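Here's the structure, in structure tokens; my notes come after.
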Amino acid sequence: MKLWGGRFSKETDSLANDFQSSIHFDQRLYQQDIQGSIAHAEMLAQCGIISQEDRAAIVQGLKNIEKDIEAGKVAFCAENEDIHMNIEALLTARTGGAGKRLHTARSRNDQVAVDFRMYVREEIGTVISQLLDMEAVLCRRAREHQETVMPGYTHLQRAQPVSFAQHLLAYAAMFRRDVTRLEDCRKRLNECPLGSGALAGTTYPIDRWQTAKALGFNRPCGNSMDGASDRDYALELMSGLSILMMHLSRFSEEVILWCSWEFKFVELDEAYSTGSSIMPQKKNPDMAELVRGKTGRVYGGLISLLTVMKSLPLAYNKDMQEDKEPVFDALDTVTMCLPVFTGMIGTMAVLPENMRRAAGRGFINATDCADYLTKKGMPFRDAYMAVGRLVSSCAAQGKTLEDLTLEELRAVSPLFEEDVFEALKLENCMALRASYGGPAVSETTRQIEEIEAFLEARSK
Ligand code: ARG
């Protein structure tokens, strides 16, 4: 009979029971469920609601169950619906009377709320530490390529010179925001729902501060109806993970482009490439493509959960059981993608000559040429027009700006002097972009040092 079978005279239809049971996915909350139950039992005894003997039997029983689950000795069953009732049923079978007192002053809604929150809190830690590993690799690679000139793009058209370090550090800035977004989410979620009861608290003299502290929360949630039915933390997590996957997907897209023969800016290590079953020459960036592809699953999870929660009346509704699978899947996906991606970036060969060659075509020093004239006194708009004319005549002749003779340049403006050729060198164009946040070595060094300090602050 069901734990809740008292008012029923009939068994649940077996298909309906399979339909509503969640044990096949929520069993991964077993540790949190046991921790939550131990904290609850300790508190009940402390408050004089159960005896010390019952508390001892419950705590010991739960610890044994945890060991048995870990040893693979426990078979969960759909008849007991979810992880909460499976563990309670096991405990009762093992301890009898004591086990039956555990559910005093508590509801399954309490359990699922506290278990899921603790699970999310812990997984956030895993994602953050993987992101910090990524940051460390990006810093290392950026240090190697502070003077590697590459074309920076807008509209995927060559635009202005940057360094490969600057390009990598742009991603480092994104991942750093991802870390702080997840840290914010973890701070906000750290209120304990246990003790909310089914929705309306309880008549027993429980101590919610005790259970909150025991489970590592800052305080109990302040409203029992909200405590039992809030899933904002899961939504914040999913939003954070979606944004993180968007960053990974943009980065993947660039790695895929860079690996193509059209770019050939990098070559992936063989450990992170795959071959083709028919084309013997192929070396494919499958890891990057998969990361890009898996982004869709994570976005999908966010939309699923937002949709589950919209229009739900207070407080708990069974719809909310649908909160877990998308979150588990998103976490599994992100925690698989991150270390693979980090390994791929850490090991790829960078090809500076190819980047430099690409930077040489496409007039990416045209802005610098206009800036040269402006610094000699010409208003920027006039300089812009003059250089536009130079670019158009160079393009017609298949030349670069630096291929022009001083006479040809002076035909457009007498302000051009011998020093223009230095000003047009891409290495100099990049080195002079030393404005705060720019690609000059002084600025990439500052960025790297800031990230290193960010990592250092989190290494304890
Ligand atoms: N398995 C349920 C869930 O994941 C636990 C809470 C069930 N509560 C209830 N009143 N049916 O949401």
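In the structure tokens, the first chain shown is A, the next is B, and so on; residue numbers restart at 1 for each chain, and ligands run from 1 in the order shown.
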Neighbours of ligand 1 at 6 Å or closer, counting only C-alpha atoms and all ligand atoms: which residues, as JSON, numbers by chain?
{"A": [22, 82, 108, 109, 112, 318, 320, 321]}
Can you list, as number ranges by chain, every protein, DNA or RNA residue that comes within 10 Å of Ile65 in chain A when you count only C-alpha atoms, leaving out same-chain residues fewer than 3 positions away?
A: 30, 34, 59-62, 68-71, 73-74, 87, 90-91, 94
Quick one: write out the picked residues with C-alpha atoms as a tab-separated table (two decimals), in the first residue's frame?
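Wrote result.tsv, looks like this:
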```tsv
chain	number	residue	atom	x	y	z
A	30	TYR	CA	19.36	10.68	-2.43
A	34	ILE	CA	19.20	11.88	3.59
A	59	VAL	CA	20.01	8.93	11.97
A	60	GLN	CA	21.78	5.57	12.05
A	61	GLY	CA	19.20	4.04	9.74
A	62	LEU	CA	19.58	6.86	7.21
A	68	ASP	CA	23.78	0.73	0.86
A	69	ILE	CA	22.69	3.01	-1.96
A	70	GLU	CA	26.32	3.84	-2.66
A	71	ALA	CA	27.20	0.13	-2.66
A	73	LYS	CA	22.50	-2.63	-2.75
A	74	VAL	CA	19.24	-0.70	-2.88
A	87	ILE	CA	13.95	6.38	1.51
A	90	LEU	CA	13.33	1.78	3.50
A	91	LEU	CA	13.88	3.47	6.83
A	94	ARG	CA	14.55	-1.16	8.86
```
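For Ile256 in chain A, the non-local neighbours within 12 Å, defined as residues at least 3 positions apart in the same chain or in other chains and counting only C-alpha atoms, are Ser249, Arg250, Phe251, Ser252, Glu253, Cys259, Ser260, Trp261, Glu262, Phe263, Lys264, Phe265, Val266, Glu267, Leu268, Ser273, Lys283, Asn284, Pro285, Asp286, Met287, Ala288, Glu289, Leu290, Val291, Arg292, Met344 and Ile345 of chain A.
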Give me, as JSON lines, the closest atom pair and its distance (Å, one decimal) for every residue of range 44-110 of chain A within a cut-off of 7 Å of range 176-198 of chain A, counting only C-alpha atoms, rows sorted by chain and rising number.
```
{"residue": "A:Ala105", "atom": "CA", "partner": "A:Gly197", "partner_atom": "CA", "distance": 6.7}
{"residue": "A:Arg106", "atom": "CA", "partner": "A:Gly197", "partner_atom": "CA", "distance": 5.1}
{"residue": "A:Ser107", "atom": "CA", "partner": "A:Ala198", "partner_atom": "CA", "distance": 5.0}
{"residue": "A:Asn109", "atom": "CA", "partner": "A:Ala198", "partner_atom": "CA", "distance": 5.5}
{"residue": "A:Asp110", "atom": "CA", "partner": "A:Leu194", "partner_atom": "CA", "distance": 5.1}
```
Keeping N, CA and C atoms for every residue in the selection just given, could you write it to a file as a compact mmCIF listing (two decimals), in the first residue's frame?
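What landed in out11.txt:
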```txt
# COMPACT_ATOMS: atom_id res chain seq x y z
N ALA A 105 5.80 16.83 11.33
CA ALA A 105 6.07 18.26 11.09
C ALA A 105 6.81 18.50 9.79
N ARG A 106 6.56 17.65 8.78
CA ARG A 106 7.27 17.81 7.52
C ARG A 106 6.40 17.30 6.38
N SER A 107 6.65 17.77 5.19
CA SER A 107 5.91 17.32 4.02
C SER A 107 6.90 16.96 2.93
N ASN A 109 6.67 18.11 0.07
CA ASN A 109 6.93 19.39 -0.62
C ASN A 109 8.15 20.08 0.00
N ASP A 110 8.24 19.98 1.33
CA ASP A 110 9.41 20.44 2.05
C ASP A 110 10.66 19.74 1.54
```
Could you please write out, as a PyMOL selection string, every residue of range 182-355 of chain A that DSSP assigns to alpha helix (DSSP H)?
chain A and resi 182-189+208-214+224-229+232-259+286-309+324-347+352-355
Let me make sure I understand: among A:Met279, A:Met430, A:Leu415, A:Cys47, which one has the smallest atom-to-atom distance to Arg208 in chain A if we use only C-alpha atoms?
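Among A:Met279, A:Met430, A:Leu415, A:Cys47, it is A:Cys47 that comes nearest to Arg208 in chain A.
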Tell me, as number ranges by chain, which residues lie within 12 Å of Glu418 in chain A, counting only C-alpha atoms; anything in the same chain fewer than 2 positions away does not count.
A: 372, 402, 404-407, 409-410, 414-416, 420-424
Prev. selection, N, CA and C atoms, output as a short mmCIF file (atom, residue, chain, number, x, y, z; two decimals), in the first residue's frame:
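Below you can see again.cif, which holds the result:
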```cif
data_model
loop_
_atom_site.label_atom_id
_atom_site.label_comp_id
_atom_site.auth_asym_id
_atom_site.auth_seq_id
_atom_site.Cartn_x
_atom_site.Cartn_y
_atom_site.Cartn_z
N TYR A 372 46.26 59.03 -38.61
CA TYR A 372 47.55 59.67 -38.90
C TYR A 372 47.31 61.09 -39.41
N GLU A 402 50.12 50.26 -47.63
CA GLU A 402 51.56 50.43 -47.46
C GLU A 402 52.35 50.18 -48.75
N LEU A 404 51.63 51.80 -51.46
CA LEU A 404 51.62 53.08 -52.18
C LEU A 404 52.93 53.83 -51.92
N THR A 405 53.34 54.64 -52.90
CA THR A 405 54.54 55.47 -52.70
C THR A 405 54.13 56.75 -51.98
N LEU A 406 55.13 57.42 -51.44
CA LEU A 406 54.83 58.67 -50.73
C LEU A 406 54.17 59.67 -51.69
N GLU A 407 54.60 59.67 -52.97
CA GLU A 407 54.01 60.59 -53.96
C GLU A 407 52.53 60.28 -54.14
N LEU A 409 50.56 58.89 -52.07
CA LEU A 409 49.83 59.29 -50.86
C LEU A 409 49.65 60.81 -50.83
N ARG A 410 50.73 61.51 -51.16
CA ARG A 410 50.68 62.98 -51.10
C ARG A 410 49.75 63.57 -52.14
N PRO A 414 48.88 66.48 -48.73
CA PRO A 414 50.29 66.84 -48.51
C PRO A 414 50.72 66.59 -47.06
N LEU A 415 49.78 66.23 -46.21
CA LEU A 415 50.14 65.96 -44.80
C LEU A 415 50.92 64.65 -44.65
N PHE A 416 50.83 63.77 -45.66
CA PHE A 416 51.57 62.51 -45.58
C PHE A 416 53.06 62.79 -45.65
N VAL A 420 54.65 57.95 -42.33
CA VAL A 420 53.36 57.26 -42.49
C VAL A 420 53.56 55.75 -42.59
N PHE A 421 54.71 55.35 -43.18
CA PHE A 421 54.91 53.90 -43.38
C PHE A 421 55.06 53.16 -42.05
N GLU A 422 55.67 53.84 -41.09
CA GLU A 422 55.72 53.24 -39.74
C GLU A 422 54.31 53.16 -39.15
N ALA A 423 53.57 54.24 -39.37
CA ALA A 423 52.21 54.32 -38.80
C ALA A 423 51.29 53.26 -39.39
N LEU A 424 51.60 52.79 -40.60
CA LEU A 424 50.71 51.81 -41.24
C LEU A 424 51.07 50.36 -40.91
#
```
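Within range 45-170 of chain A, residues classed as strand (DSSP E) by DSSP on backbone coordinates are Val149, Met150, Pro151, Gly152, Tyr153, Thr154, Gln157, Arg158, Ala159, Gln160, Pro161, Val162 and Ser163 of chain A.
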Residues at most 8 Å from Leu235 in chain A, counting only C-alpha atoms, excluding those fewer than 4 positions away in the same chain, as a PDB file with all heavy atoms, in the first residue's frame?
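What ended up in result-v5.pdb:
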```
ATOM      1  N   ARG A 231      10.750  28.161  -7.284  1.00  0.00           N
ATOM      2  CA  ARG A 231      11.773  27.502  -8.101  1.00  0.00           C
ATOM      3  C   ARG A 231      12.616  28.548  -8.844  1.00  0.00           C
ATOM      4  O   ARG A 231      13.278  28.238  -9.822  1.00  0.00           O
ATOM      5  CB  ARG A 231      11.129  26.528  -9.106  1.00  0.00           C
ATOM      6  CG  ARG A 231      10.374  25.344  -8.483  1.00  0.00           C
ATOM      7  CD  ARG A 231      11.283  24.384  -7.728  1.00  0.00           C
ATOM      8  NE  ARG A 231      10.551  23.252  -7.174  1.00  0.00           N
ATOM      9  CZ  ARG A 231       9.983  23.223  -5.969  1.00  0.00           C
ATOM     10  NH1 ARG A 231      10.065  24.283  -5.165  1.00  0.00           N
ATOM     11  NH2 ARG A 231       9.324  22.143  -5.562  1.00  0.00           N
ATOM     12  N   SER A 239      19.094  30.213 -16.494  1.00  0.00           N
ATOM     13  CA  SER A 239      19.417  31.421 -17.267  1.00  0.00           C
ATOM     14  C   SER A 239      20.923  31.584 -17.328  1.00  0.00           C
ATOM     15  O   SER A 239      21.483  31.849 -18.399  1.00  0.00           O
ATOM     16  CB  SER A 239      18.839  32.686 -16.630  1.00  0.00           C
ATOM     17  OG  SER A 239      17.546  32.470 -16.205  1.00  0.00           O
ATOM     18  N   LEU A 302      15.648  25.811 -20.151  1.00  0.00           N
ATOM     19  CA  LEU A 302      15.213  27.085 -19.549  1.00  0.00           C
ATOM     20  C   LEU A 302      13.763  27.379 -19.945  1.00  0.00           C
ATOM     21  O   LEU A 302      12.928  27.715 -19.090  1.00  0.00           O
ATOM     22  CB  LEU A 302      16.133  28.228 -20.012  1.00  0.00           C
ATOM     23  CG  LEU A 302      15.673  29.651 -19.664  1.00  0.00           C
ATOM     24  CD1 LEU A 302      15.623  29.865 -18.156  1.00  0.00           C
ATOM     25  CD2 LEU A 302      16.582  30.695 -20.309  1.00  0.00           C
ATOM     26  N   LEU A 305      11.255  25.051 -18.174  1.00  0.00           N
ATOM     27  CA  LEU A 305      11.010  25.345 -16.769  1.00  0.00           C
ATOM     28  C   LEU A 305      10.222  26.645 -16.601  1.00  0.00           C
ATOM     29  O   LEU A 305       9.311  26.731 -15.759  1.00  0.00           O
ATOM     30  CB  LEU A 305      12.351  25.406 -16.031  1.00  0.00           C
ATOM     31  CG  LEU A 305      12.291  25.493 -14.515  1.00  0.00           C
ATOM     32  CD1 LEU A 305      11.423  24.385 -13.931  1.00  0.00           C
ATOM     33  CD2 LEU A 305      13.694  25.407 -13.919  1.00  0.00           C
ATOM     34  N   LEU A 306      10.533  27.633 -17.421  1.00  0.00           N
ATOM     35  CA  LEU A 306       9.748  28.880 -17.361  1.00  0.00           C
ATOM     36  C   LEU A 306       8.286  28.567 -17.663  1.00  0.00           C
ATOM     37  O   LEU A 306       7.368  29.117 -17.040  1.00  0.00           O
ATOM     38  CB  LEU A 306      10.260  29.885 -18.404  1.00  0.00           C
ATOM     39  CG  LEU A 306      11.526  30.676 -18.065  1.00  0.00           C
ATOM     40  CD1 LEU A 306      12.049  31.404 -19.298  1.00  0.00           C
ATOM     41  CD2 LEU A 306      11.250  31.681 -16.949  1.00  0.00           C
TER      42      LEU A 306
END
```
Just the residues within 12 Å of Ala366 in chain A, please, counting only C-alpha atoms, with nothing from its chain fewer than 2 positions along; format it as an MDAnalysis selection string.
chainID A and resid 158:161 359:364 368:373 383:392 394 400:402 420 423:426 429
Between CA of Ala212 in chain A and CA of Thr104 in chain A, what distance in Å does the model show, to one decimal?
17.3 Å
Nearest to His145 in chain A by atom-to-atom distance, counting only C-alpha atoms, from A:Ile278, A:Ala165, A:Val327, A:Ile206
A:Ala165
Nearest to Pro439 in chain A by atom-to-atom distance, counting only C-alpha atoms, from A:Met150, A:Leu237, A:Leu132, A:Ala315
A:Met150
Please provide the set of residues having any atom within 12 Å of Ala170 in chain A, restricted to only C-alpha atoms, with same-chain residues fewer than 5 positions apart removed, written as a list in words.
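The residues satisfying every condition are Glu135, Leu138, Cys139, Ala142, Gly152, Val162, Ser163, Phe164, Ala165, Phe175, Arg176, Arg177, His247, Arg250, Phe251, Gly437, Gly438, Pro439, Thr444, Gln447, Ile448 and Ile451 of chain A.
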Two-atom distance - CA of Ser51 in chain A, CA of Gly6 in chain A (Å)
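CA of Gly6 in chain A lies 25.4 Å from CA of Ser51 in chain A.
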